[in-house]
Amino acid sequence: MKKVKGFTLMELMIAVAIIGILASIAVPAYTKHVKRTKRTEAMAALTQAAQAMERFKTANNFRYTGAALGAGGIFSNQVPVDGGTAYYNLSLASTATTYTLTATAVGAQAGDGNLTLTNTGARTWAGNACWPTSKSTCP
């Protein structure tokens with residue numbers, strides 16, 4: 001008698017079930033990691049924009065008035081700053097002596113909360129008086 005080689009239906013169903021269980025764990029973890037990475041990139045962009053604001057102030061009679069983001073401005077108005085599909089939009093509100101930089105989440109990142117940075121170094125995220133880092137107690 002000839003022996004048939006291959007998998008039984010039961011073996012295939014078990015393999016598919018295991019793959020489904022692993023995917024149900026891996027996909028949310030991956031999505032969370034991607035959001036956190038994009039948020040970190042936005043925090044870095046805000047810090048770089050703040051440095052650009054300080055350079056602007058030094059070159060303009062120690063005033064922030066007249067600074068702008070975007071094309072022709074002192075810094076990009078989106079994250080990623082080198083172009084591509086934006087997942088944060090950067091905006092600037094300034095007076096002669098103060099400024100507030102804001103990163104507003106858009107697209108797939110929407111709902112993640114806005115990040116802000118002021119000329120005094122005050123940082124907020126989604127209404128919390130902190131930025132989320134690996135060692136912070138920020139929610």
# chains A, B, ... in the order shown; residues from 1 in each chain; ligands from 1
>>> residues_around(residues="region 70-79 of chain A", least_positions_apart="5", cutoff="8 Å", atoms="only C-alpha atoms", output="PyMOL selection string")
chain A and resi 41-42+45+49+52-53+56+86-91
>>> residues_around(residues="region 122-135 of chain A", least_positions_apart="4", cutoff="9 Å", atoms="only C-alpha atoms", output="mmCIF file with C-alpha atoms, in the first residue's frame")
data_model
loop_
_atom_site.group_PDB
_atom_site.id
_atom_site.type_symbol
_atom_site.label_atom_id
_atom_site.label_comp_id
_atom_site.auth_asym_id
_atom_site.auth_seq_id
_atom_site.Cartn_x
_atom_site.Cartn_y
_atom_site.Cartn_z
ATOM 1 C CA ARG A 36 5.772 56.106 20.054
ATOM 2 C CA ARG A 39 5.981 60.971 18.739
ATOM 3 C CA THR A 40 9.684 60.891 19.639
ATOM 4 C CA MET A 43 9.660 65.903 20.154
ATOM 5 C CA ASP A 112 -2.144 60.952 20.079
ATOM 6 C CA GLY A 113 -2.299 64.414 21.630
ATOM 7 C CA ASN A 114 -0.487 67.642 20.854
ATOM 8 C CA LEU A 115 3.064 68.340 21.974
ATOM 9 C CA THR A 116 4.099 71.891 22.920
ATOM 10 C CA LEU A 117 7.360 73.591 23.799
ATOM 11 C CA THR A 118 7.708 77.191 24.972
ATOM 12 C CA PRO A 139 1.076 58.867 31.113
#
>>> select_by_dssp(residues="chain A", states="strand (DSSP E or B)", output="list in words")
Leu69, Phe75, Gln78, Val79, Tyr88, Asn89, Leu90, Ser91, Leu92, Ala93, Ser94, Tyr99, Thr100, Leu101, Thr102, Ala103, Thr104, Ala105, Leu115, Thr116, Leu117, Thr118, Arg123, Thr124, Trp125 and Asn128 of chain A
>>> write_last_selection(atoms="C-alpha atoms", output="PDB file, in the first residue's frame")
ATOM      1  CA  LEU A  69       7.775  77.927   9.953  1.00  0.00           C
ATOM      2  CA  PHE A  75      12.261  75.539  10.229  1.00  0.00           C
ATOM      3  CA  GLN A  78       5.808  69.243   9.489  1.00  0.00           C
ATOM      4  CA  VAL A  79       7.254  66.022  10.836  1.00  0.00           C
ATOM      5  CA  TYR A  88       2.613  65.929  12.876  1.00  0.00           C
ATOM      6  CA  ASN A  89       2.095  69.533  11.741  1.00  0.00           C
ATOM      7  CA  LEU A  90       4.246  72.137  13.468  1.00  0.00           C
ATOM      8  CA  SER A  91       2.923  75.602  14.274  1.00  0.00           C
ATOM      9  CA  LEU A  92       4.354  78.681  15.944  1.00  0.00           C
ATOM     10  CA  ALA A  93       2.760  81.406  18.058  1.00  0.00           C
ATOM     11  CA  SER A  94       5.193  84.176  18.995  1.00  0.00           C
ATOM     12  CA  TYR A  99       6.997  81.710  21.646  1.00  0.00           C
ATOM     13  CA  THR A 100       5.067  78.457  21.765  1.00  0.00           C
ATOM     14  CA  LEU A 101       5.779  75.675  19.310  1.00  0.00           C
ATOM     15  CA  THR A 102       3.046  73.061  18.835  1.00  0.00           C
ATOM     16  CA  ALA A 103       3.128  69.684  17.104  1.00  0.00           C
ATOM     17  CA  THR A 104      -0.401  68.596  16.158  1.00  0.00           C
ATOM     18  CA  ALA A 105      -0.878  64.906  15.380  1.00  0.00           C
ATOM     19  CA  LEU A 115       3.064  68.340  21.974  1.00  0.00           C
ATOM     20  CA  THR A 116       4.099  71.891  22.920  1.00  0.00           C
ATOM     21  CA  LEU A 117       7.360  73.591  23.799  1.00  0.00           C
ATOM     22  CA  THR A 118       7.708  77.191  24.972  1.00  0.00           C
ATOM     23  CA  ARG A 123       6.741  71.001  27.723  1.00  0.00           C
ATOM     24  CA  THR A 124       3.247  69.556  27.516  1.00  0.00           C
ATOM     25  CA  TRP A 125       1.698  66.515  25.867  1.00  0.00           C
ATOM     26  CA  ASN A 128       0.049  66.706  30.819  1.00  0.00           C
TER      27      ASN A 128
END
>>> atom_distance(atom1="CA of Leu22 (chain A)", atom2="CA of Thr8 (chain A)")
21.7 Å
>>> atom_distance(atom1="CA of Gly6 (chain A)", atom2="CA of Ala23 (chain A)")
25.3 Å
>>> select_by_dssp(residues="chain A", states="alpha helix (DSSP H)", output="PyMOL selection string")
chain A and resi 9-59
>>> write_last_selection(atoms="C-alpha atoms", output="mmCIF file, in the first residue's frame")
data_model
loop_
_atom_site.group_PDB
_atom_site.id
_atom_site.type_symbol
_atom_site.label_atom_id
_atom_site.label_comp_id
_atom_site.auth_asym_id
_atom_site.auth_seq_id
_atom_site.Cartn_x
_atom_site.Cartn_y
_atom_site.Cartn_z
ATOM 1 C CA LEU A 9 -6.705 19.318 7.729
ATOM 2 C CA MET A 10 -6.402 19.297 11.527
ATOM 3 C CA GLU A 11 -2.675 20.106 11.384
ATOM 4 C CA LEU A 12 -3.316 23.008 9.012
ATOM 5 C CA MET A 13 -6.118 24.367 11.231
ATOM 6 C CA ILE A 14 -3.850 24.259 14.291
ATOM 7 C CA ALA A 15 -1.075 26.074 12.402
ATOM 8 C CA VAL A 16 -3.497 28.785 11.247
ATOM 9 C CA ALA A 17 -4.845 29.198 14.796
ATOM 10 C CA ILE A 18 -1.323 29.618 16.202
ATOM 11 C CA ILE A 19 -0.473 32.210 13.540
ATOM 12 C CA GLY A 20 -3.704 34.074 14.334
ATOM 13 C CA ILE A 21 -2.924 34.157 18.060
ATOM 14 C CA LEU A 22 0.607 35.422 17.444
ATOM 15 C CA ALA A 23 -0.659 38.107 15.034
ATOM 16 C CA SER A 24 -3.275 39.300 17.533
ATOM 17 C CA ILE A 25 -0.454 39.949 20.003
ATOM 18 C CA ALA A 26 2.172 41.295 17.594
ATOM 19 C CA VAL A 27 0.126 43.775 15.541
ATOM 20 C CA PRO A 28 -1.055 45.988 18.458
ATOM 21 C CA ALA A 29 2.445 45.980 19.964
ATOM 22 C CA TYR A 30 3.944 46.998 16.632
ATOM 23 C CA THR A 31 1.350 49.756 16.127
ATOM 24 C CA LYS A 32 2.062 51.138 19.597
ATOM 25 C CA HIS A 33 5.797 51.122 18.900
ATOM 26 C CA VAL A 34 5.344 52.985 15.592
ATOM 27 C CA LYS A 35 3.203 55.682 17.288
ATOM 28 C CA ARG A 36 5.772 56.106 20.054
ATOM 29 C CA THR A 37 8.599 56.393 17.500
ATOM 30 C CA LYS A 38 6.752 59.069 15.512
ATOM 31 C CA ARG A 39 5.981 60.971 18.739
ATOM 32 C CA THR A 40 9.684 60.891 19.639
ATOM 33 C CA GLU A 41 10.534 62.265 16.208
ATOM 34 C CA ALA A 42 8.061 65.114 16.784
ATOM 35 C CA MET A 43 9.660 65.903 20.154
ATOM 36 C CA ALA A 44 13.076 66.072 18.454
ATOM 37 C CA ALA A 45 11.675 68.357 15.744
ATOM 38 C CA LEU A 46 10.219 70.709 18.375
ATOM 39 C CA THR A 47 13.602 70.876 20.106
ATOM 40 C CA GLN A 48 15.315 71.664 16.797
ATOM 41 C CA ALA A 49 12.693 74.313 16.022
ATOM 42 C CA ALA A 50 13.316 75.873 19.457
ATOM 43 C CA GLN A 51 17.024 76.047 18.653
ATOM 44 C CA ALA A 52 16.166 77.730 15.350
ATOM 45 C CA MET A 53 14.002 80.230 17.269
ATOM 46 C CA GLU A 54 16.905 81.110 19.545
ATOM 47 C CA ARG A 55 19.194 81.621 16.539
ATOM 48 C CA PHE A 56 16.504 83.814 14.958
ATOM 49 C CA LYS A 57 16.209 85.867 18.148
ATOM 50 C CA THR A 58 19.973 86.417 18.270
ATOM 51 C CA ALA A 59 20.042 87.594 14.650
#
>>> atom_distance(atom1="CA of Arg63 (chain A)", atom2="CA of Gly121 (chain A)")
16.9 Å
>>> closest_residue(among="A:Phe7, A:Val106, A:Thr97, A:Val81", to="Tyr64 (chain A)", atoms="only C-alpha atoms")
A:Thr97
